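Participant: What follows is entry39.pdb; its format and atoms are PDB, C-alpha atoms.
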MODEL        1
ATOM      1  CA  MET P   1     161.941 113.778  68.262
ATOM      2  CA  SER P   2     161.675 117.583  68.005
ATOM      3  CA  GLY P   3     158.266 117.115  66.328
ATOM      4  CA  PHE P   4     157.154 115.008  69.305
ATOM      5  CA  LEU P   5     158.405 117.604  71.784
ATOM      6  CA  SER P   6     156.867 120.556  69.935
ATOM      7  CA  GLN P   7     153.428 118.830  69.708
ATOM      8  CA  GLY P   8     152.594 120.743  66.535
ATOM      9  CA  GLY P   9     153.251 124.114  68.194
ATOM     10  CA  TYR P  10     151.088 123.321  71.247
ATOM     11  CA  ALA P  11     153.935 122.050  73.445
ATOM     12  CA  PHE P  12     153.185 124.440  76.330
ATOM     13  CA  TYR P  13     149.525 123.375  76.617
ATOM     14  CA  VAL P  14     150.088 119.633  76.067
ATOM     15  CA  TRP P  15     153.148 119.196  78.291
ATOM     16  CA  THR P  16     151.787 121.437  81.068
ATOM     17  CA  ALA P  17     148.594 119.354  81.114
ATOM     18  CA  TYR P  18     150.591 116.097  81.305
ATOM     19  CA  GLY P  19     153.044 117.512  83.855
ATOM     20  CA  LEU P  20     150.339 118.826  86.171
ATOM     21  CA  SER P  21     148.325 115.608  85.894
ATOM     22  CA  LEU P  22     151.392 113.539  86.739
ATOM     23  CA  ALA P  23     152.250 115.851  89.650
ATOM     24  CA  GLY P  24     148.671 115.906  91.000
ATOM     25  CA  LEU P  25     148.094 112.157  90.790
ATOM     26  CA  GLY P  26     151.637 111.393  91.968
ATOM     27  CA  LEU P  27     151.219 113.616  95.011
ATOM     28  CA  ALA P  28     147.805 112.080  95.806
ATOM     29  CA  ALA P  29     149.338 108.586  95.595
ATOM     30  CA  LEU P  30     152.368 109.589  97.669
ATOM     31  CA  LEU P  31     150.309 111.183 100.466
ATOM     32  CA  THR P  32     147.893 108.232 100.483
ATOM     33  CA  LEU P  33     150.702 105.676 100.814
ATOM     34  CA  ARG P  34     152.550 107.743 103.432
ATOM     35  CA  ALA P  35     149.422 108.059 105.595
ATOM     36  CA  TYR P  36     148.823 104.301 105.273
ATOM     37  CA  ARG P  37     152.372 103.398 106.329
ATOM     38  CA  LYS P  38     152.165 105.858 109.231
ATOM     39  CA  ALA P  39     148.855 104.400 110.453
ATOM     40  CA  LYS P  40     150.200 100.845 110.162
ATOM     41  CA  ALA P  41     153.353 101.737 112.120
ATOM     42  CA  ALA P  42     151.372 103.573 114.835
ATOM     43  CA  LEU P  43     149.032 100.613 115.332
ATOM     44  CA  ALA P  44     151.957  98.165 115.441
ATOM     45  CA  ARG P  45     153.632 100.347 118.116
ATOM     46  CA  LEU P  46     150.460 100.363 120.216
ATOM     47  CA  GLU P  47     150.065  96.599 119.866
ATOM     48  CA  ARG P  48     153.699  96.033 120.890
ATOM     49  CA  ALA P  49     153.296  98.320 123.914
ATOM     50  CA  LYS P  50     150.123  96.474 124.898
ATOM     51  CA  THR P  51     151.861  93.076 124.632
ATOM     52  CA  VAL P  52     154.781  94.272 126.774
ATOM     53  CA  GLN P  53     152.396  95.743 129.341
ATOM     54  CA  HIS P  54     150.428  92.468 129.533
ATOM     55  CA  SER P  55     153.546  90.350 129.967
ATOM     56  CA  GLU P  56     154.817  92.677 132.714
ATOM     57  CA  THR P  57     151.427  92.465 134.479
ATOM     58  CA  ASN P  58     151.557  88.641 134.305
ATOM     59  CA  LEU P  59     155.008  88.634 135.938
TER
ATOM     60  CA  MET R   1     127.617  93.243 100.272
ATOM     61  CA  PHE R   2     127.340  94.371 103.910
ATOM     62  CA  GLU R   3     129.231  91.228 104.951
ATOM     63  CA  LEU R   4     132.152  92.220 102.697
ATOM     64  CA  ALA R   5     132.022  95.742 104.147
ATOM     65  CA  ASN R   6     132.621  94.449 107.663
ATOM     66  CA  PRO R   7     135.930  96.185 108.604
ATOM     67  CA  LYS R   8     137.746  92.898 109.350
ATOM     68  CA  ARG R   9     136.537  91.236 106.149
ATOM     69  CA  PHE R  10     137.250  94.428 104.217
ATOM     70  CA  MET R  11     140.883  94.426 105.392
ATOM     71  CA  GLU R  12     141.243  90.781 104.315
ATOM     72  CA  TRP R  13     139.831  90.973 100.792
ATOM     73  CA  SER R  14     141.134  94.453  99.994
ATOM     74  CA  GLY R  15     144.670  93.411 101.032
ATOM     75  CA  ARG R  16     144.537  90.597  98.479
ATOM     76  CA  LEU R  17     142.979  92.798  95.775
ATOM     77  CA  LEU R  18     145.255  95.858  96.027
ATOM     78  CA  PRO R  19     148.402  94.522  94.253
ATOM     79  CA  TRP R  20     146.299  93.347  91.288
ATOM     80  CA  LEU R  21     144.366  96.589  91.161
ATOM     81  CA  GLY R  22     147.595  98.623  91.246
ATOM     82  CA  ALA R  23     149.152  96.535  88.472
ATOM     83  CA  ALA R  24     145.995  96.806  86.343
ATOM     84  CA  ALA R  25     145.898 100.598  86.826
ATOM     85  CA  ALA R  26     149.579 100.990  85.850
ATOM     86  CA  ALA R  27     149.241  98.712  82.798
ATOM     87  CA  THR R  28     146.069 100.427  81.567
ATOM     88  CA  LEU R  29     147.500 103.924  82.022
ATOM     89  CA  LEU R  30     150.735 103.004  80.218
ATOM     90  CA  ALA R  31     148.797 101.437  77.336
ATOM     91  CA  GLY R  32     146.510 104.495  77.145
ATOM     92  CA  LEU R  33     149.480 106.882  77.105
ATOM     93  CA  ALA R  34     151.284 104.845  74.424
ATOM     94  CA  LEU R  35     148.185 104.752  72.186
ATOM     95  CA  GLY R  36     147.455 108.425  72.889
ATOM     96  CA  PHE R  37     150.897 109.599  71.798
ATOM     97  CA  ALA R  38     150.839 107.240  68.801
ATOM     98  CA  ALA R  39     147.533 108.758  67.606
ATOM     99  CA  PRO R  40     147.832 111.328  64.800
ATOM    100  CA  PRO R  41     146.999 115.007  65.443
ATOM    101  CA  ASP R  42     143.320 115.835  64.983
ATOM    102  CA  TYR R  43     142.473 117.612  61.708
ATOM    103  CA  GLN R  44     140.910 120.539  63.606
ATOM    104  CA  GLN R  45     142.507 120.508  67.060
ATOM    105  CA  GLY R  46     146.009 119.384  66.137
ATOM    106  CA  SER R  47     148.058 117.886  68.986
ATOM    107  CA  THR R  48     145.888 119.524  71.669
ATOM    108  CA  VAL R  49     143.561 116.543  71.194
ATOM    109  CA  ARG R  50     146.029 114.686  73.467
ATOM    110  CA  ILE R  51     144.821 116.817  76.383
ATOM    111  CA  MET R  52     141.452 115.059  75.940
ATOM    112  CA  PHE R  53     143.066 111.803  77.150
ATOM    113  CA  LEU R  54     143.649 113.487  80.533
ATOM    114  CA  HIS R  55     140.765 115.943  80.760
ATOM    115  CA  VAL R  56     137.846 113.597  80.057
ATOM    116  CA  PRO R  57     139.054 110.749  82.368
ATOM    117  CA  SER R  58     139.700 113.300  85.159
ATOM    118  CA  ALA R  59     136.189 114.708  84.806
ATOM    119  CA  TRP R  60     134.548 111.277  84.630
ATOM    120  CA  THR R  61     136.478 110.019  87.662
ATOM    121  CA  ALA R  62     135.661 113.187  89.626
ATOM    122  CA  MET R  63     131.935 112.640  89.002
ATOM    123  CA  MET R  64     132.138 108.906  89.694
ATOM    124  CA  ALA R  65     133.950 109.633  92.981
ATOM    125  CA  TYR R  66     131.191 112.025  93.993
ATOM    126  CA  GLY R  67     128.518 109.464  93.064
ATOM    127  CA  LEU R  68     130.265 106.847  95.231
ATOM    128  CA  MET R  69     130.689 109.357  98.058
ATOM    129  CA  ALA R  70     126.976 110.260  97.936
ATOM    130  CA  ALA R  71     125.957 106.569  97.798
ATOM    131  CA  ALA R  72     128.176 105.762 100.811
ATOM    132  CA  SER R  73     126.667 108.759 102.608
ATOM    133  CA  VAL R  74     123.127 107.436 102.035
ATOM    134  CA  VAL R  75     124.181 104.045 103.433
ATOM    135  CA  GLY R  76     125.779 105.844 106.377
ATOM    136  CA  LEU R  77     122.637 107.851 107.096
ATOM    137  CA  VAL R  78     120.175 104.976 106.640
ATOM    138  CA  ASN R  79     122.081 101.925 107.907
ATOM    139  CA  ARG R  80     124.689 103.564 110.165
ATOM    140  CA  HIS R  81     127.235 101.169 108.706
ATOM    141  CA  PRO R  82     130.695 101.705 110.295
ATOM    142  CA  LEU R  83     132.506 101.618 106.971
ATOM    143  CA  ALA R  84     130.107 103.865 105.043
ATOM    144  CA  ASP R  85     131.265 107.071 106.730
ATOM    145  CA  ALA R  86     134.925 106.093 106.257
ATOM    146  CA  ALA R  87     134.273 105.325 102.584
ATOM    147  CA  ALA R  88     132.565 108.681 101.997
ATOM    148  CA  ARG R  89     135.108 110.758 103.931
ATOM    149  CA  THR R  90     138.116 109.152 102.223
ATOM    150  CA  ALA R  91     136.674 109.578  98.716
ATOM    151  CA  ALA R  92     136.398 113.371  99.063
ATOM    152  CA  PRO R  93     140.092 114.430  98.877
ATOM    153  CA  LEU R  94     140.671 112.127  95.911
ATOM    154  CA  GLY R  95     137.541 113.431  94.191
ATOM    155  CA  ALA R  96     138.763 116.980  94.756
ATOM    156  CA  VAL R  97     142.128 116.163  93.125
ATOM    157  CA  PHE R  98     140.459 114.658  90.038
ATOM    158  CA  THR R  99     138.061 117.626  89.822
ATOM    159  CA  ALA R 100     140.931 120.139  90.056
ATOM    160  CA  LEU R 101     142.822 118.240  87.352
ATOM    161  CA  GLY R 102     139.693 118.217  85.168
ATOM    162  CA  LEU R 103     139.416 121.996  85.532
ATOM    163  CA  VAL R 104     143.124 122.709  84.925
ATOM    164  CA  THR R 105     143.468 120.393  81.915
ATOM    165  CA  GLY R 106     140.184 121.757  80.518
ATOM    166  CA  SER R 107     141.544 125.272  80.837
ATOM    167  CA  LEU R 108     144.790 124.258  79.082
ATOM    168  CA  TRP R 109     142.714 122.724  76.282
ATOM    169  CA  GLY R 110     140.285 125.648  76.123
ATOM    170  CA  LYS R 111     142.880 128.393  75.655
ATOM    171  CA  PRO R 112     144.268 127.212  72.283
ATOM    172  CA  MET R 113     140.854 125.980  71.029
ATOM    173  CA  TRP R 114     138.433 128.649  72.302
ATOM    174  CA  GLY R 115     140.896 131.487  72.845
ATOM    175  CA  ALA R 116     139.948 131.668  76.537
ATOM    176  CA  TRP R 117     141.236 129.992  79.695
ATOM    177  CA  TRP R 118     137.775 130.164  81.251
ATOM    178  CA  VAL R 119     134.170 130.963  80.340
ATOM    179  CA  TRP R 120     131.262 131.126  82.781
ATOM    180  CA  ASP R 121     129.061 128.623  80.953
ATOM    181  CA  GLY R 122     126.886 125.874  82.426
ATOM    182  CA  ARG R 123     129.368 122.982  82.158
ATOM    183  CA  LEU R 124     132.425 124.823  83.482
ATOM    184  CA  THR R 125     130.546 126.610  86.252
ATOM    185  CA  SER R 126     128.762 123.477  87.486
ATOM    186  CA  PHE R 127     132.081 121.608  87.426
ATOM    187  CA  LEU R 128     133.738 124.379  89.445
ATOM    188  CA  LEU R 129     130.816 124.053  91.854
ATOM    189  CA  LEU R 130     131.688 120.340  92.197
ATOM    190  CA  LEU R 131     135.185 121.324  93.389
ATOM    191  CA  LEU R 132     133.707 123.820  95.858
ATOM    192  CA  ILE R 133     131.327 121.157  97.210
ATOM    193  CA  TYR R 134     134.241 118.754  97.668
ATOM    194  CA  LEU R 135     136.259 121.434  99.500
ATOM    195  CA  GLY R 136     133.235 122.420 101.609
ATOM    196  CA  TYR R 137     132.673 118.766 102.496
ATOM    197  CA  ILE R 138     136.303 118.337 103.610
ATOM    198  CA  ALA R 139     136.217 121.597 105.598
ATOM    199  CA  LEU R 140     132.927 120.631 107.283
ATOM    200  CA  GLY R 141     134.324 117.252 108.321
ATOM    201  CA  ASN R 142     137.401 118.909 109.822
ATOM    202  CA  ALA R 143     135.424 121.641 111.579
ATOM    203  CA  ILE R 144     133.241 119.330 113.712
ATOM    204  CA  GLU R 145     135.110 117.545 116.501
ATOM    205  CA  ASP R 146     132.498 114.925 117.359
ATOM    206  CA  ASP R 147     132.951 112.088 114.816
ATOM    207  CA  THR R 148     129.293 111.045 114.728
ATOM    208  CA  ARG R 149     128.004 114.584 114.231
ATOM    209  CA  ALA R 150     130.674 115.278 111.603
ATOM    210  CA  ALA R 151     129.747 112.103 109.723
ATOM    211  CA  ARG R 152     126.044 113.006 109.729
ATOM    212  CA  ALA R 153     126.600 116.624 108.620
ATOM    213  CA  CYS R 154     128.992 115.558 105.849
ATOM    214  CA  ALA R 155     126.584 112.855 104.678
ATOM    215  CA  VAL R 156     123.726 115.370 104.397
ATOM    216  CA  LEU R 157     125.960 117.770 102.437
ATOM    217  CA  ALA R 158     127.104 114.967 100.113
ATOM    218  CA  VAL R 159     123.532 113.856  99.403
ATOM    219  CA  VAL R 160     122.286 117.421  98.796
ATOM    220  CA  GLY R 161     125.335 118.188  96.632
ATOM    221  CA  ALA R 162     124.582 115.171  94.430
ATOM    222  CA  VAL R 163     121.959 117.307  92.673
ATOM    223  CA  ASN R 164     124.925 118.938  90.895
ATOM    224  CA  LEU R 165     125.830 115.690  89.068
ATOM    225  CA  PRO R 166     122.893 115.700  86.600
ATOM    226  CA  ILE R 167     123.378 119.466  86.182
ATOM    227  CA  ILE R 168     126.994 118.852  85.073
ATOM    228  CA  GLU R 169     125.934 116.000  82.808
ATOM    229  CA  PHE R 170     123.064 117.771  81.044
ATOM    230  CA  SER R 171     124.413 121.344  81.177
ATOM    231  CA  VAL R 172     125.617 121.057  77.573
ATOM    232  CA  ASP R 173     122.040 120.230  76.469
ATOM    233  CA  TRP R 174     120.244 122.746  78.683
ATOM    234  CA  TRP R 175     122.330 125.858  78.027
ATOM    235  CA  THR R 176     124.230 127.403  75.139
ATOM    236  CA  THR R 177     127.882 126.571  75.699
ATOM    237  CA  LEU R 178     131.321 126.574  74.132
ATOM    238  CA  HIS R 179     131.872 123.127  75.608
ATOM    239  CA  GLN R 180     131.216 120.309  73.167
ATOM    240  CA  GLY R 181     128.074 118.222  73.635
ATOM    241  CA  GLU R 182     127.953 114.551  74.551
ATOM    242  CA  SER R 183     130.167 112.748  72.046
ATOM    243  CA  ILE R 184     130.949 109.365  73.597
ATOM    244  CA  LEU R 185     128.080 107.897  75.633
ATOM    245  CA  ARG R 186     125.302 108.891  73.246
ATOM    246  CA  ARG R 187     122.531 107.255  71.267
ATOM    247  CA  GLY R 188     123.831 106.382  67.803
ATOM    248  CA  GLY R 189     127.356 105.623  69.046
ATOM    249  CA  PRO R 190     130.427 107.744  69.773
ATOM    250  CA  LEU R 191     131.279 110.655  67.487
ATOM    251  CA  ILE R 192     135.010 110.216  68.087
ATOM    252  CA  ALA R 193     137.203 108.298  65.617
ATOM    253  CA  PRO R 194     138.423 104.925  66.987
ATOM    254  CA  VAL R 195     142.047 106.114  66.856
ATOM    255  CA  PHE R 196     141.162 108.646  69.592
ATOM    256  CA  LEU R 197     138.408 106.644  71.270
ATOM    257  CA  TRP R 198     140.581 103.666  72.308
ATOM    258  CA  PRO R 199     143.266 105.657  74.145
ATOM    259  CA  LEU R 200     140.523 107.719  75.743
ATOM    260  CA  LEU R 201     138.695 104.617  77.015
ATOM    261  CA  LEU R 202     141.948 103.056  78.254
ATOM    262  CA  MET R 203     142.896 106.241  80.106
ATOM    263  CA  ALA R 204     139.387 106.467  81.597
ATOM    264  CA  LEU R 205     139.693 102.863  82.806
ATOM    265  CA  GLY R 206     143.196 103.579  84.150
ATOM    266  CA  TYR R 207     141.993 106.653  86.063
ATOM    267  CA  THR R 208     139.066 104.658  87.475
ATOM    268  CA  LEU R 209     141.353 101.827  88.633
ATOM    269  CA  LEU R 210     143.821 104.327  90.105
ATOM    270  CA  PHE R 211     141.024 106.053  92.007
ATOM    271  CA  LEU R 212     139.704 102.710  93.339
ATOM    272  CA  ASN R 213     143.218 101.700  94.350
ATOM    273  CA  LEU R 214     143.890 104.910  96.288
ATOM    274  CA  TRP R 215     140.376 104.945  97.741
ATOM    275  CA  ILE R 216     140.748 101.422  99.149
ATOM    276  CA  ILE R 217     144.145 102.314 100.670
ATOM    277  CA  ARG R 218     142.605 105.418 102.282
ATOM    278  CA  ILE R 219     139.709 103.370 103.720
ATOM    279  CA  ARG R 220     142.228 100.861 105.119
ATOM    280  CA  THR R 221     144.170 103.770 106.654
ATOM    281  CA  GLU R 222     140.993 105.051 108.313
ATOM    282  CA  ILE R 223     140.229 101.586 109.719
ATOM    283  CA  LEU R 224     143.773 101.330 111.159
ATOM    284  CA  ASN R 225     143.487 104.833 112.669
ATOM    285  CA  ARG R 226     140.150 103.918 114.276
ATOM    286  CA  ARG R 227     141.669 100.747 115.742
ATOM    287  CA  ALA R 228     144.561 102.791 117.145
ATOM    288  CA  ARG R 229     142.142 105.351 118.660
ATOM    289  CA  ALA R 230     140.066 102.548 120.199
ATOM    290  CA  MET R 231     143.203 100.980 121.728
ATOM    291  CA  MET R 232     144.327 104.312 123.161
ATOM    292  CA  MET R 233     140.883 104.888 124.709
ATOM    293  CA  GLU R 234     140.988 101.374 126.155
ATOM    294  CA  GLU R 235     144.404 102.098 127.671
ATOM    295  CA  ALA R 236     143.225 105.397 129.108
ATOM    296  CA  GLN R 237     140.298 103.766 130.943
TER
ENDMDL
END
Could I get this file's structure written as structure tokens?

Facilitator:
Amino acid sequence: MSGFLSQGGYAFYVWTAYGLSLAGLGLAALLTLRAYRKAKAALARLERAKTVQHSETNL
Amino acid sequence: MFELANPKRFMEWSGRLLPWLGAAAAATLLAGLALGFAAPPDYQQGSTVRIMFLHVPSAWTAMMAYGLMAAASVVGLVNRHPLADAAARTAAPLGAVFTALGLVTGSLWGKPMWGAWWVWDGRLTSFLLLLLIYLGYIALGNAIEDDTRAARACAVLAVVGAVNLPIIEFSVDWWTTLHQGESILRRGGPLIAPVFLWPLLLMALGYTLLFLNLWIIRIRTEILNRRARAMMMEEAQ
């Protein structure tokens, strides 16, 4: 286990590379999904408001 | 092709494809990581060879993303297709992330192997230029308020910037460099031992699938935002 963690004496370089890659790709995925959910919710709100407005106009 | 790129059709087929694409990306990345950490240390580079499994896929994906962005820009300029601009604009931030990761992981690999975090050689400099083009593209798109004008200006920049792709690719042949030459996609077969080649190819496939997954989600987001803007304009009139 300690051999795996030390990466033959290159632990800093190897684990920093993996950590930064995970952080960078994770953040990109997180922001992408958050923007998607936000856009979906905003459109649903507008569609609901439009439906309510139409039904009120018909009354 | 253009039929599938119709926004309504795009939303239909991409919605069905996304779960499979996400699962394939996760499975490929996990398999690549498992094989990469199971591989023995390289006889010259030791365990730093494991940085290759991140650095090379990042760099390949960054260049592929730019190629796709430039191709979408050409379609946008020539055919004025509604989805082409969205495809190009949404690829840029992702391409910039992969480029930055390629630079950072390359630097972390270069320090123990070359003794330097950075050298101003052809490959590294042209790859840094790729990041600057991505950032310039994003800034240009944000600086112009009119959507049509922004799309056209960004498309021109993307097409002109594509000249950097062959420079990155052939820089190791054209100029003296510390960076290793082409060792995978070369005549005569790869120079890398299969024990390193397989995890590398799996990681490259995983990065590609991850990029495609996130790219499609970003295009869908842009389509939803455009629909919302159109509805708000309709309401305002």

Participant: Rounded to one decimal place, report the CA of Asn142 in chain R-CA of Ala23 in chain P distance in Å.

Facilitator: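 About the pair CA of Asn142 in chain R and CA of Ala23 in chain P: they are 25.2 Å apart.
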
Participant: Give me, as a list of chain:residue names, the residues of chain P touching chain R, with the criterion being at most 8 Å (counting only C-alpha atoms).

Facilitator: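 The selection requested is P:Gln7, P:Gly8, P:Tyr10, P:Tyr13, P:Val14, P:Thr16, P:Ala17, P:Tyr18, P:Leu20, P:Ser21, P:Gly24, P:Leu25, P:Ala28, P:Ala29, P:Thr32, P:Leu33, P:Ala35, P:Tyr36, P:Ala39, P:Lys40, P:Ala42, P:Leu43, P:Leu46.
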
Participant: So the first atom is CA of Glu169 in chain R and the second is CA of Ala27 in chain R; what is the distance between them in Å, to one decimal place?

Facilitator: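 These atoms are spaced 29.0 Å apart.
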
Participant: Using all atoms listed in the file, which of the listed residues (R:Thr148, R:Pro57, R:Leu30, R:Glu12) sits closest to Leu205 in chain R?

Facilitator: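 Comparing R:Thr148, R:Pro57, R:Leu30, R:Glu12 against Leu205 in chain R, the winner is R:Pro57.
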
Participant: Starting from the shown file, work through the PyMOL selection byres ((chain R and resi 179) around 10) and note down what comes out as a ChimeraX atom specification.

Facilitator: /R:106,110,114,119,121-124,171-172,176-178,180-182
